[in-house]
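A.B. asks: Data: structure_29.txt, compact mmCIF, C-alpha atoms (C1' of nucleotides).
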# COMPACT_ATOMS: atom_id res chain seq x y z
CA MET A 521 172.39 215.53 12.92
CA SER A 522 175.90 216.59 13.79
CA LYS A 523 177.53 216.35 17.18
CA LYS A 524 176.34 219.05 19.55
CA ARG A 525 178.80 221.80 20.35
CA PHE A 526 178.54 224.26 23.22
CA THR A 527 180.11 227.26 21.55
CA HIS A 528 177.04 229.38 22.13
CA ASP A 529 176.01 227.87 25.43
CA GLU A 530 175.71 230.33 28.28
CA CYS A 531 177.43 228.23 30.94
CA PRO A 532 181.20 228.80 31.16
CA VAL A 533 181.82 225.13 31.94
CA ALA A 534 180.07 224.10 28.73
CA ARG A 535 181.97 226.79 26.85
CA SER A 536 185.30 225.46 28.12
CA LEU A 537 184.30 221.90 27.22
CA ASP A 538 183.59 223.18 23.75
CA GLN A 539 187.30 223.97 23.45
CA ILE A 540 188.91 221.23 25.56
CA GLY A 541 186.21 218.58 25.94
CA ASP A 542 187.00 216.44 22.94
CA TRP A 543 188.34 213.00 23.60
CA TRP A 544 192.00 213.68 22.72
CA THR A 545 192.29 217.39 23.28
CA LEU A 546 193.54 217.58 26.87
CA LEU A 547 195.95 214.72 26.27
CA ILE A 548 197.48 216.66 23.40
CA VAL A 549 197.85 219.66 25.68
CA ARG A 550 199.45 217.41 28.28
CA GLU A 551 201.94 216.09 25.73
CA VAL A 552 202.95 219.61 24.78
CA LEU A 553 203.25 220.46 28.46
CA TYR A 554 205.46 217.41 28.92
CA GLY A 555 207.76 218.69 26.24
CA LEU A 556 206.62 217.20 22.95
CA HIS A 557 206.20 219.80 20.24
CA GLN A 558 206.24 218.00 16.90
CA PHE A 559 203.36 216.33 15.08
CA ASN A 560 204.99 212.93 14.82
CA GLU A 561 206.26 212.96 18.40
CA ILE A 562 202.78 213.61 19.73
CA ARG A 563 201.24 211.11 17.38
CA ALA A 564 203.62 208.32 18.36
CA SER A 565 203.31 209.08 22.06
CA LEU A 566 199.51 209.08 22.09
CA GLY A 567 198.81 206.50 19.39
CA ILE A 568 196.28 208.88 17.86
CA SER A 569 195.46 208.74 14.18
CA ARG A 570 197.02 211.31 11.88
CA ALA A 571 193.69 212.69 10.71
CA VAL A 572 192.33 213.22 14.21
CA LEU A 573 195.55 214.74 15.51
CA SER A 574 195.63 217.08 12.55
CA GLU A 575 192.06 218.16 13.22
CA ARG A 576 192.57 218.65 16.96
CA LEU A 577 195.74 220.66 16.43
CA LYS A 578 193.82 222.88 14.04
CA GLU A 579 191.08 223.45 16.60
CA LEU A 580 193.55 224.07 19.41
CA THR A 581 195.38 226.57 17.24
CA GLN A 582 192.18 228.32 16.20
CA ASN A 583 191.14 228.55 19.85
CA ASP A 584 194.49 230.13 20.73
CA ILE A 585 195.48 227.30 23.07
CA LEU A 586 198.39 226.18 20.91
CA GLU A 587 200.54 228.15 18.55
CA ARG A 588 202.00 226.62 15.40
CA ARG A 589 205.49 227.77 14.56
CA SER A 590 207.27 226.57 11.45
CA ASP A 591 210.69 225.36 12.39
CA ALA A 592 213.42 227.74 11.25
CA GLN A 593 216.06 225.02 10.75
CA ASP A 594 213.98 222.25 9.25
CA LYS A 595 211.42 223.72 6.91
CA ARG A 596 209.36 220.53 6.86
CA ALA A 597 208.81 220.58 10.58
CA ALA A 598 206.41 222.52 12.77
CA GLN A 599 206.54 223.25 16.47
CA TYR A 600 203.41 223.39 18.53
CA HIS A 601 203.71 225.49 21.68
CA LEU A 602 201.31 226.55 24.41
CA THR A 603 200.00 230.08 24.43
CA ALA A 604 199.31 231.95 27.69
CA LYS A 605 195.76 230.64 27.48
CA GLY A 606 197.08 227.12 27.01
CA ARG A 607 199.49 227.39 29.92
CA ASP A 608 196.58 228.49 32.09
CA LEU A 609 195.11 225.02 31.63
CA TRP A 610 197.73 223.80 34.07
CA PRO A 611 195.37 224.13 37.07
CA VAL A 612 192.74 222.07 35.24
CA ILE A 613 195.24 219.32 34.57
CA ILE A 614 196.53 219.37 38.15
CA ALA A 615 192.97 219.17 39.47
CA MET A 616 192.34 216.13 37.29
CA LEU A 617 195.65 214.58 38.29
CA ASP A 618 194.86 215.08 41.97
CA TRP A 619 191.39 213.59 41.57
CA SER A 620 192.81 210.66 39.65
CA ASN A 621 195.47 210.00 42.30
CA LYS A 622 192.80 210.00 44.98
CA HIS A 623 189.94 208.19 43.27
CA VAL A 624 190.96 206.43 40.09
CA LEU A 625 194.39 204.90 40.65
CA GLY A 626 194.80 201.91 42.92
CA GLU A 627 196.25 202.19 46.42
CA THR A 628 199.64 200.88 45.39
CA GLU A 629 199.98 203.09 42.33
CA ASP A 630 202.23 206.09 42.77
CA ILE A 631 202.89 207.39 39.29
CA VAL A 632 203.16 211.17 39.31
CA TYR A 633 202.20 213.85 41.77
CA PRO A 634 202.23 217.68 41.93
CA LEU A 635 204.88 219.26 44.09
CA ASN A 636 205.43 222.71 45.51
CA PRO A 637 208.92 223.54 44.19
CA ASP A 638 209.58 226.13 46.89
CA SER A 639 208.98 223.87 49.86
CA ASN A 640 209.67 220.60 48.03
CA LYS A 641 206.52 219.12 49.57
CA PRO A 642 203.65 217.39 47.74
CA ILE A 643 200.30 219.09 47.71
CA ALA A 644 197.65 218.18 50.26
CA ASP A 645 194.59 219.95 48.93
CA LEU A 646 193.51 222.34 46.23
CA CYS A 647 192.28 225.71 47.37
CA ALA A 648 191.66 229.23 46.21
CA ARG A 649 192.78 232.61 47.39
CA ASP A 650 189.98 235.15 47.36
CA THR A 651 190.46 238.80 46.54
CA GLU A 652 191.37 239.55 50.14
CA GLY A 653 193.96 236.82 50.42
CA ASN A 654 191.89 234.33 52.39
CA VAL A 655 192.65 230.74 51.48
CA THR A 656 189.80 228.23 51.40
CA PRO A 657 189.59 224.67 50.04
CA LEU A 658 188.05 224.46 46.59
CA ASN A 659 185.43 221.97 47.68
CA LYS A 660 183.96 224.60 49.99
CA MET A 661 183.50 227.14 47.21
CA VAL A 662 180.03 228.06 46.09
CA LEU A 663 178.80 229.67 42.89
CA ARG A 664 177.12 233.01 42.43
CA LYS A 665 175.40 234.35 39.35
CA GLY A 666 177.12 237.19 37.55
CA LYS A 667 175.63 240.41 36.24
CA THR A 668 174.92 239.16 32.74
CA ALA A 669 173.53 235.76 33.65
CA SER A 670 170.17 234.97 32.10
CA PRO A 671 167.19 234.82 34.46
CA HIS A 672 166.94 231.09 33.85
CA LEU A 673 170.56 230.24 34.65
CA GLY A 674 170.63 232.80 37.45
CA ALA A 675 167.69 231.15 39.11
CA ARG A 676 169.27 227.73 38.81
CA ILE A 677 172.51 228.92 40.40
CA THR A 678 170.72 230.65 43.23
CA LYS A 679 168.64 227.57 43.87
CA ALA A 680 171.65 225.24 43.85
CA PHE A 681 173.72 227.62 46.01
CA PRO A 682 171.32 229.51 48.27
CA LEU A 683 172.66 232.65 49.89
CA MET B 477 188.23 199.54 15.21
CA SER B 478 186.67 200.93 18.34
CA LYS B 479 187.42 204.21 20.06
CA LYS B 480 190.55 204.16 22.17
CA ARG B 481 190.06 204.15 25.92
CA PHE B 482 192.68 204.95 28.53
CA THR B 483 191.56 202.54 31.24
CA HIS B 484 194.94 200.85 31.34
CA ASP B 485 197.06 203.86 30.56
CA GLU B 486 199.74 204.64 33.11
CA CYS B 487 199.23 208.41 33.24
CA PRO B 488 196.73 209.52 35.88
CA VAL B 489 195.46 212.31 33.64
CA ALA B 490 194.60 209.82 30.91
CA ARG B 491 193.01 207.54 33.49
CA SER B 492 190.79 210.35 34.71
CA LEU B 493 189.82 211.25 31.15
CA ASP B 494 188.83 207.64 30.69
CA GLN B 495 186.13 208.22 33.31
CA ILE B 496 185.17 211.86 32.73
CA GLY B 497 186.54 212.65 29.28
CA ASP B 498 183.55 211.71 27.18
CA TRP B 499 181.72 214.50 25.44
CA TRP B 500 178.70 214.76 27.77
CA THR B 501 180.07 213.31 30.98
CA LEU B 502 181.21 216.40 32.88
CA LEU B 503 178.09 218.30 31.86
CA ILE B 504 175.97 215.55 33.38
CA VAL B 505 178.01 215.81 36.58
CA ARG B 506 177.49 219.57 36.50
CA GLU B 507 173.73 219.18 36.14
CA VAL B 508 173.63 216.88 39.15
CA LEU B 509 175.77 219.36 41.05
CA TYR B 510 173.33 222.10 40.07
CA GLY B 511 170.51 220.13 41.59
CA LEU B 512 169.01 218.00 38.82
CA HIS B 513 168.68 214.38 39.81
CA GLN B 514 166.17 212.78 37.45
CA PHE B 515 166.74 211.31 34.03
CA ASN B 516 164.21 213.49 32.23
CA GLU B 517 165.29 216.67 34.02
CA ILE B 518 168.88 216.15 32.94
CA ARG B 519 167.86 215.17 29.45
CA ALA B 520 165.70 218.24 28.94
CA SER B 521 168.29 220.58 30.42
CA LEU B 522 171.14 219.30 28.28
CA GLY B 523 169.28 218.38 25.11
CA ILE B 524 171.11 215.06 25.07
CA SER B 525 169.61 212.01 23.41
CA ARG B 526 168.00 209.40 25.66
CA ALA B 527 170.30 206.62 24.49
CA VAL B 528 173.50 208.57 25.13
CA LEU B 529 172.34 209.85 28.52
CA SER B 530 171.40 206.33 29.52
CA GLU B 531 174.82 205.05 28.53
CA ARG B 532 176.71 207.85 30.28
CA LEU B 533 174.71 207.44 33.46
CA LYS B 534 175.55 203.76 33.39
CA GLU B 535 179.24 204.49 33.02
CA LEU B 536 179.18 207.16 35.72
CA THR B 537 177.41 204.75 38.06
CA GLN B 538 179.81 201.92 37.29
CA ASN B 539 182.73 204.26 37.95
CA ASP B 540 181.24 205.23 41.31
CA ILE B 541 180.88 208.89 40.39
CA LEU B 542 177.09 208.82 40.53
CA GLU B 543 174.79 206.64 42.56
CA ARG B 544 171.41 205.53 41.28
CA ARG B 545 168.67 205.46 43.89
CA SER B 546 165.18 204.29 43.07
CA ASP B 547 162.76 206.84 44.37
CA ALA B 548 160.89 205.59 47.43
CA GLN B 549 157.72 207.57 46.70
CA ASP B 550 157.48 207.21 42.93
CA LYS B 551 158.57 203.74 41.95
CA ARG B 552 158.99 204.69 38.31
CA ALA B 553 161.54 207.36 39.10
CA ALA B 554 165.24 207.20 39.86
CA GLN B 555 167.44 209.71 41.57
CA TYR B 556 171.03 210.17 40.50
CA HIS B 557 173.29 211.57 43.21
CA LEU B 558 176.98 212.28 43.47
CA THR B 559 179.16 209.95 45.46
CA ALA B 560 182.13 211.21 47.48
CA LYS B 561 184.26 210.56 44.40
CA GLY B 562 181.81 212.56 42.31
CA ARG B 563 181.73 215.47 44.74
CA ASP B 564 185.53 215.55 44.58
CA LEU B 565 185.22 216.59 40.94
CA TRP B 566 184.21 220.03 42.19
CA PRO B 567 187.79 221.35 42.01
CA VAL B 568 188.05 220.18 38.41
CA ILE B 569 184.87 222.00 37.49
CA ILE B 570 185.92 225.15 39.32
CA ALA B 571 189.28 225.08 37.56
CA MET B 572 187.52 224.85 34.21
CA LEU B 573 185.07 227.56 35.18
CA ASP B 574 187.89 229.85 36.21
CA TRP B 575 189.79 229.18 32.98
CA SER B 576 186.65 229.80 30.96
CA ASN B 577 185.91 233.06 32.74
CA LYS B 578 189.45 234.24 32.05
CA HIS B 579 190.01 232.97 28.52
CA VAL B 580 186.86 231.80 26.79
CA LEU B 581 184.10 234.22 27.72
CA GLY B 582 184.07 237.72 26.33
CA GLU B 583 185.03 240.72 28.41
CA THR B 584 181.47 241.80 29.01
CA GLU B 585 180.22 238.36 29.97
CA ASP B 586 179.77 237.82 33.70
CA ILE B 587 177.74 234.65 34.04
CA VAL B 588 178.80 232.70 37.09
CA TYR B 589 181.81 232.81 39.36
CA PRO B 590 183.16 230.87 42.37
CA LEU B 591 182.90 232.57 45.73
CA ASN B 592 184.44 231.95 49.13
CA PRO B 593 181.34 231.64 51.32
CA ASP B 594 183.22 232.51 54.52
CA SER B 595 184.58 235.83 53.34
CA ASN B 596 181.94 236.45 50.65
CA LYS B 597 184.70 237.39 48.21
CA PRO B 598 185.26 235.98 44.70
CA ILE B 599 188.34 233.90 44.11
CA ALA B 600 191.47 235.47 42.71
CA ASP B 601 193.63 232.47 41.94
CA LEU B 602 193.72 228.73 42.35
CA CYS B 603 196.41 227.37 44.60
CA ALA B 604 197.40 224.34 46.61
CA ARG B 605 198.34 223.78 50.21
CA ASP B 606 201.28 221.45 50.57
CA THR B 607 201.68 218.96 53.39
CA GLU B 608 203.27 221.63 55.58
CA GLY B 609 200.54 224.21 55.00
CA ASN B 610 202.39 226.38 52.52
CA VAL B 611 200.13 227.90 49.92
CA THR B 612 201.38 228.26 46.35
CA PRO B 613 199.61 229.09 43.08
CA LEU B 614 198.76 226.02 41.00
CA ASN B 615 200.52 227.36 37.97
CA LYS B 616 203.83 227.21 39.84
CA MET B 617 203.44 223.55 40.70
CA VAL B 618 205.75 221.02 39.12
CA LEU B 619 205.42 217.28 38.71
CA ARG B 620 207.55 214.53 40.20
CA LYS B 621 207.55 210.86 39.33
CA GLY B 622 206.18 208.49 41.96
CA LYS B 623 207.67 205.24 43.20
CA THR B 624 205.81 203.00 40.79
CA ALA B 625 206.22 205.09 37.65
CA SER B 626 207.63 203.19 34.70
CA PRO B 627 211.16 204.10 33.60
CA HIS B 628 209.77 205.59 30.40
CA LEU B 629 207.20 207.87 32.04
CA GLY B 630 209.57 208.65 34.89
CA ALA B 631 212.18 209.85 32.45
CA ARG B 632 209.66 212.03 30.63
CA ILE B 633 208.52 213.67 33.84
CA THR B 634 212.04 214.31 35.01
CA LYS B 635 212.93 215.79 31.64
CA ALA B 636 209.89 218.05 31.57
CA PHE B 637 210.33 219.10 35.19
CA PRO B 638 214.07 218.99 35.97
CA LEU B 639 215.01 218.96 39.63
C1' DT C 4 137.70 200.86 37.20
C1' DA C 5 139.29 202.34 32.88
C1' DT C 6 142.02 205.73 30.57
C1' DT C 7 145.59 208.80 30.17
C1' DT C 8 149.94 210.48 31.51
C1' DT C 9 154.55 210.07 33.08
C1' DA C 10 159.43 208.16 34.20
C1' DA C 11 162.94 205.80 32.49
C1' DG C 12 164.54 203.77 29.55
C1' DT C 13 165.35 200.57 24.73
C1' DC C 14 165.24 200.19 19.68
C1' DT C 15 165.69 201.76 14.78
C1' DG C 16 167.44 204.05 10.82
C1' DT C 17 170.53 207.59 9.46
C1' DT C 18 174.49 210.55 9.86
C1' DT C 19 178.91 211.61 11.75
C1' DA C 20 183.35 210.57 13.90
C1' DC C 21 187.26 207.54 14.66
C1' DA C 22 191.02 204.05 13.47
C1' DA C 23 194.32 202.22 10.35
C1' DG C 24 196.94 202.62 6.77
C1' DA C 25 197.95 204.15 1.92
C1' DC C 26 199.18 208.18 -0.42
C1' DT C 27 201.16 213.17 -1.20
C1' DT C 28 204.38 217.03 -1.12
C1' DA C 29 208.19 219.47 0.27
C1' DT C 30 212.49 219.13 2.40
C1' DT C 31 216.58 216.92 4.19
C1' DT C 32 219.89 213.29 4.44
C1' DT C 33 222.67 209.67 2.34
C1' DA D 1325 220.31 210.95 -7.65
C1' DA D 1326 217.95 208.14 -4.42
C1' DA D 1327 216.18 207.34 0.01
C1' DA D 1328 214.26 208.98 4.16
C1' DT D 1329 211.57 212.10 6.84
C1' DA D 1330 207.94 215.72 8.53
C1' DA D 1331 203.52 216.89 8.24
C1' DG D 1332 199.98 216.27 6.68
C1' DT D 1333 195.51 214.50 3.34
C1' DC D 1334 192.62 210.69 1.52
C1' DT D 1335 190.15 206.29 1.69
C1' DT D 1336 187.69 202.59 3.68
C1' DG D 1337 185.58 200.00 7.32
C1' DT D 1338 183.70 200.21 12.01
C1' DA D 1339 181.80 202.44 16.06
C1' DA D 1340 179.27 205.99 18.15
C1' DA D 1341 175.80 209.87 18.19
C1' DC D 1342 171.46 211.82 16.57
C1' DA D 1343 166.21 212.22 16.37
C1' DG D 1344 162.40 210.08 17.19
C1' DA D 1345 159.36 205.94 17.67
C1' DC D 1346 158.44 202.40 20.78
C1' DT D 1347 158.14 199.83 25.51
C1' DT D 1348 157.06 198.90 30.32
C1' DA D 1349 155.70 199.77 34.74
C1' DA D 1350 153.74 202.96 37.78
C1' DA D 1351 150.99 207.06 38.85
C1' DA D 1352 147.43 210.33 38.12
C1' DT D 1353 143.00 211.36 36.33
C1' DA D 1354 138.15 210.69 34.74
For the structure just supplied, provide its representation as structure tokens.
C.D. replies:
Amino acid sequence: MSKKRFTHDECPVARSLDQIGDWWTLLIVREVLYGLHQFNEIRASLGISRAVLSERLKELTQNDILERRSDAQDKRAAQYHLTAKGRDLWPVIIAMLDWSNKHVLGETEDIVYPLNPDSNKPIADLCARDTEGNVTPLNKMVLRKGKTASPHLGARITKAFPL
Amino acid sequence: MSKKRFTHDECPVARSLDQIGDWWTLLIVREVLYGLHQFNEIRASLGISRAVLSERLKELTQNDILERRSDAQDKRAAQYHLTAKGRDLWPVIIAMLDWSNKHVLGETEDIVYPLNPDSNKPIADLCARDTEGNVTPLNKMVLRKGKTASPHLGARITKAFPL
DNA sequence: TATTTTAAGTCTGTTTACAAGACTTATTTT
DNA sequence: AAAATAAGTCTTGTAAACAGACTTAAAATA
């Protein structure tokens, strides 16, 4: 049987993994974010095979995360750029980067870190602003079921995050 | 040749994907976060094959994201629990959930959302507090190279995020 | 006590995905 | 006109994922 996809899963986390959960996908997004836009640039930087890169770029384009523009000057070339949806993956990547800096890299490794460009200070913790402007650390957040959640998922959420 | 891993990659994002980037891995973490702790519970909930779940649980345990406890009462059973490192994946999952709610789910879908338990309000945007307490949206953050970044990666970061 | 059931896996055969590199086509450079 | 290049596709071998049967120790049931 073929690899399971989560396209029709109810859970939003599974649904996002369906679009960005493949082995190379987020690294391709990262490369584009870091300024690589051409097929061969990305391929050489990642060491990914042509066939797999081609397939992933197709999926990312179909899912409206990347946009493929044919180069106006060089008609052989294509330029892959992030869409608004793709740019909104930035928080996901920063969250992973922060986690990696704290828990995966060794003590002496100081490779790359997120910085607040206004204050010029590195970030201390990830948080969220609620609809009234209150700021709270992300690790304190809880989940609530939405209006269209199935009874089954709704019950699981309520059980895991009691009111 | 075998699947490429990023264990020895320099980039922290790749290094984190090496530990949580496999197809089922984050969903397993989510299940544990949602309150499932036993092998068969997780298996039934995800519909994952026994062999793959077994392998992923081994990797997650080796990477200190999950901890395997043999059940004191029932000696057949095991309990998988998040470690501190595993619990710190919460921001990553919330970031993905938020992205999915905004960009993947349809307009009428309202399944599950993160909530600030102090104010009882849903979150509006993800942000970060810097080391001086300033709060700034994550999508404004930039990257800076750290002290031990290689010249090659350092140059890429500086180019992508000019001072 | 003997039998059945259950938890947590491992094992097997089949299908699918990935890696490496050869090949293709259109375009650009020499 | 020939060579090089961009962006792929195609082919072949290897690794991983799938469903389901099987295993082992412990627990529940008769």
A.B. asks: Counting all atoms listed in the file, which of B:Phe515, B:Tyr589, B:Trp499, B:Phe482 gets nearest to chain D?
C.D. replies: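 Closest candidate: B:Trp499.
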A.B. asks: For D:DT1347, list every protein, DNA or RNA residue within 10 Å, evaluated using all atoms listed in the file, and leave out those in the same chain fewer than 5 positions away; present the list as a PDB file with C-alpha atoms (C1' of nucleotides), in the coordinates of the input.
C.D. replies:
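The result, written out as out.pdb:
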ATOM      1  C1'  DG C  12     164.540 203.770  29.550  1.00  0.00           C
ATOM      2  C1'  DT C  13     165.350 200.570  24.730  1.00  0.00           C
ATOM      3  C1'  DC C  14     165.240 200.190  19.680  1.00  0.00           C
TER       4       DC C  14
END
A.B. asks: Show me the residues close to (178.5, 217.5, 40.0) - anything with an atom within 7 Å, counting all atoms listed in the file - and format the list as a list in words.
C.D. replies: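 Those residues, ordered by chain and then number, are Val505, Arg506, Glu507, Val508, Leu509, Tyr510, Leu558, Gly562, Arg563, Leu565 and Trp566 of chain B.
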A.B. asks: For atom CA of B:Ser595 and atom CA of A:Thr656, determine how far apart the two atoms are, in Å to one decimal place.
C.D. replies: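 Atom CA of A:Thr656 lies 9.4 Å from atom CA of B:Ser595.
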A.B. asks: Can you check which residues of chain A have any atom within 8 Å of chain C? Use only C-alpha atoms (C1' of nucleotides) and format it as a JSON list (two decimals) with C-alpha atoms, in the coordinates of the input.
C.D. replies:
[["chain", "number", "residue", "atom", "x", "y", "z"],
["A", 521, "MET", "CA", 172.39, 215.53, 12.92],
["A", 522, "SER", "CA", 175.90, 216.59, 13.79],
["A", 523, "LYS", "CA", 177.53, 216.35, 17.18],
["A", 569, "SER", "CA", 195.46, 208.74, 14.18],
["A", 572, "VAL", "CA", 192.33, 213.22, 14.21],
["A", 594, "ASP", "CA", 213.98, 222.25, 9.25],
["A", 595, "LYS", "CA", 211.42, 223.72, 6.91],
["A", 596, "ARG", "CA", 209.36, 220.53, 6.86]]
A.B. asks: Set the distance at 12 Å and use all atoms listed in the file: which residues neighbour A:Pro682 once local chain neighbours fewer than 2 positions away are removed? I'd like the list as a list in words.
C.D. replies: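 In the requested format, the answer is Val662, Leu663, Arg664, Lys665, Gly674, Ala675, Arg676, Ile677, Thr678, Lys679 and Ala680 of chain A; Tyr510, Gly511 and Pro593 of chain B.
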A.B. asks: Do you know which residues are at most 12 Å from A:Ser536 counting all atoms listed in the file, after dropping those on the same chain fewer than 6 positions away, and could you put them as number ranges by chain?
C.D. replies: A: 525-530, 542, 545-546, 583, 585, 605-606, 609, 612; B: 499, 502-503, 568-581
A.B. asks: Determine the nearest neighbour of A:Ile568 from the options B:Thr624, B:Asp564, B:Glu583, B:Lys480, counting all atoms listed in the file.
C.D. replies: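 Checking each candidate against A:Ile568, we get B:Lys480 as the closest.
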A.B. asks: Using only C-alpha atoms (C1' of nucleotides), find each residue of chain D with at least one atom at most 10 Å away from an atom of chain A; report its shortest atom-to-atom pair and that distance in Å (one decimal), sort the rows by chain and rising residue number, and return the result as a Markdown table.
C.D. replies:
| residue | atom | partner | partner_atom | distance |
| --- | --- | --- | --- | --- |
| D:DT1329 | C1' | A:Arg596 | CA | 8.7 |
| D:DA1330 | C1' | A:Arg596 | CA | 5.3 |
| D:DA1331 | C1' | A:Ala597 | CA | 6.9 |
| D:DG1332 | C1' | A:Ser574 | CA | 7.4 |
| D:DT1333 | C1' | A:Ala571 | CA | 7.8 |
| D:DC1334 | C1' | A:Ala571 | CA | 9.5 |
| D:DA1341 | C1' | A:Lys523 | CA | 6.8 |
| D:DC1342 | C1' | A:Met521 | CA | 5.3 |
| D:DA1343 | C1' | A:Met521 | CA | 7.8 |
A.B. asks: Work out how far atom CA of B:Ala560 is from atom CA of B:Asn615, in Å to one decimal.
C.D. replies: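 A separation of 26.3 Å between them.
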A.B. asks: Take every atom of stretch 1336-1344 of chain D listed in the file, fit an axis-aligned box around them, add 5 Å per side, and give the centre and edge lengths in Å to one decimal as AutoDock Vina command-line options.
C.D. replies:
--center_x 175.0 --center_y 206.1 --center_z 10.9 --size_x 35.3 --size_y 22.2 --size_z 24.5
A.B. asks: Rank nothing, just name the residue among A:Leu683, A:Ala648, A:Leu586, A:Val655 nearest to chain B, using all atoms listed in the file.
C.D. replies: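 Of the candidates, the smallest distance to chain B is held by A:Ala648.
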A.B. asks: Which distance in Å separates atom CA of B:Thr559 and atom CA of B:Leu536, to one decimal?
C.D. replies: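 Distance between the two atoms: 10.1 Å.
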A.B. asks: Could you check which of B:Gln495, B:Gln549, B:Gln555, B:Thr537 is closest to chain A, using all atoms listed in the file?
C.D. replies: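 Ranking B:Gln495, B:Gln549, B:Gln555, B:Thr537 by distance to chain A, first place goes to B:Gln495.
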A.B. asks: Which of these residues is nearest to chain B, using all atoms listed in the file: A:Gly626, A:Pro657, A:Pro642, A:Gly567?
C.D. replies: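 For chain B, the nearest of the given residues is A:Pro642.
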A.B. asks: Starting from the sparse input, extend stretch 562-573 of chain B to N, CA and C atoms and give the output as a PDB file, in the frame of the given file.
C.D. replies:
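Result written to part-v2.pdb:
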ATOM      1  N   GLY B 562     182.420 211.586  43.202  1.00  0.00           N
ATOM      2  CA  GLY B 562     181.810 212.560  42.310  1.00  0.00           C
ATOM      3  C   GLY B 562     181.908 213.976  42.855  1.00  0.00           C
ATOM      4  N   ARG B 563     181.633 214.127  44.138  1.00  0.00           N
ATOM      5  CA  ARG B 563     181.730 215.470  44.740  1.00  0.00           C
ATOM      6  C   ARG B 563     183.151 216.002  44.659  1.00  0.00           C
ATOM      7  N   ASP B 564     184.136 215.105  44.676  1.00  0.00           N
ATOM      8  CA  ASP B 564     185.530 215.550  44.580  1.00  0.00           C
ATOM      9  C   ASP B 564     185.902 216.039  43.189  1.00  0.00           C
ATOM     10  N   LEU B 565     184.968 215.976  42.248  1.00  0.00           N
ATOM     11  CA  LEU B 565     185.220 216.590  40.940  1.00  0.00           C
ATOM     12  C   LEU B 565     184.995 218.100  40.961  1.00  0.00           C
ATOM     13  N   TRP B 566     184.459 218.598  42.035  1.00  0.00           N
ATOM     14  CA  TRP B 566     184.210 220.030  42.190  1.00  0.00           C
ATOM     15  C   TRP B 566     185.435 220.884  41.860  1.00  0.00           C
ATOM     16  N   PRO B 567     186.608 220.556  42.392  1.00  0.00           N
ATOM     17  CA  PRO B 567     187.790 221.350  42.010  1.00  0.00           C
ATOM     18  C   PRO B 567     188.069 221.342  40.516  1.00  0.00           C
ATOM     19  N   VAL B 568     187.828 220.240  39.857  1.00  0.00           N
ATOM     20  CA  VAL B 568     188.050 220.180  38.410  1.00  0.00           C
ATOM     21  C   VAL B 568     187.102 221.144  37.701  1.00  0.00           C
ATOM     22  N   ILE B 569     185.858 221.134  38.131  1.00  0.00           N
ATOM     23  CA  ILE B 569     184.870 222.000  37.490  1.00  0.00           C
ATOM     24  C   ILE B 569     185.160 223.465  37.794  1.00  0.00           C
ATOM     25  N   ILE B 570     185.576 223.762  39.003  1.00  0.00           N
ATOM     26  CA  ILE B 570     185.920 225.150  39.320  1.00  0.00           C
ATOM     27  C   ILE B 570     187.129 225.605  38.522  1.00  0.00           C
ATOM     28  N   ALA B 571     188.100 224.716  38.351  1.00  0.00           N
ATOM     29  CA  ALA B 571     189.280 225.080  37.560  1.00  0.00           C
ATOM     30  C   ALA B 571     188.884 225.381  36.120  1.00  0.00           C
ATOM     31  N   MET B 572     187.979 224.607  35.575  1.00  0.00           N
ATOM     32  CA  MET B 572     187.520 224.850  34.210  1.00  0.00           C
ATOM     33  C   MET B 572     186.706 226.132  34.125  1.00  0.00           C
ATOM     34  N   LEU B 573     185.878 226.338  35.131  1.00  0.00           N
ATOM     35  CA  LEU B 573     185.070 227.560  35.180  1.00  0.00           C
ATOM     36  C   LEU B 573     185.950 228.798  35.230  1.00  0.00           C
TER      37      LEU B 573
END
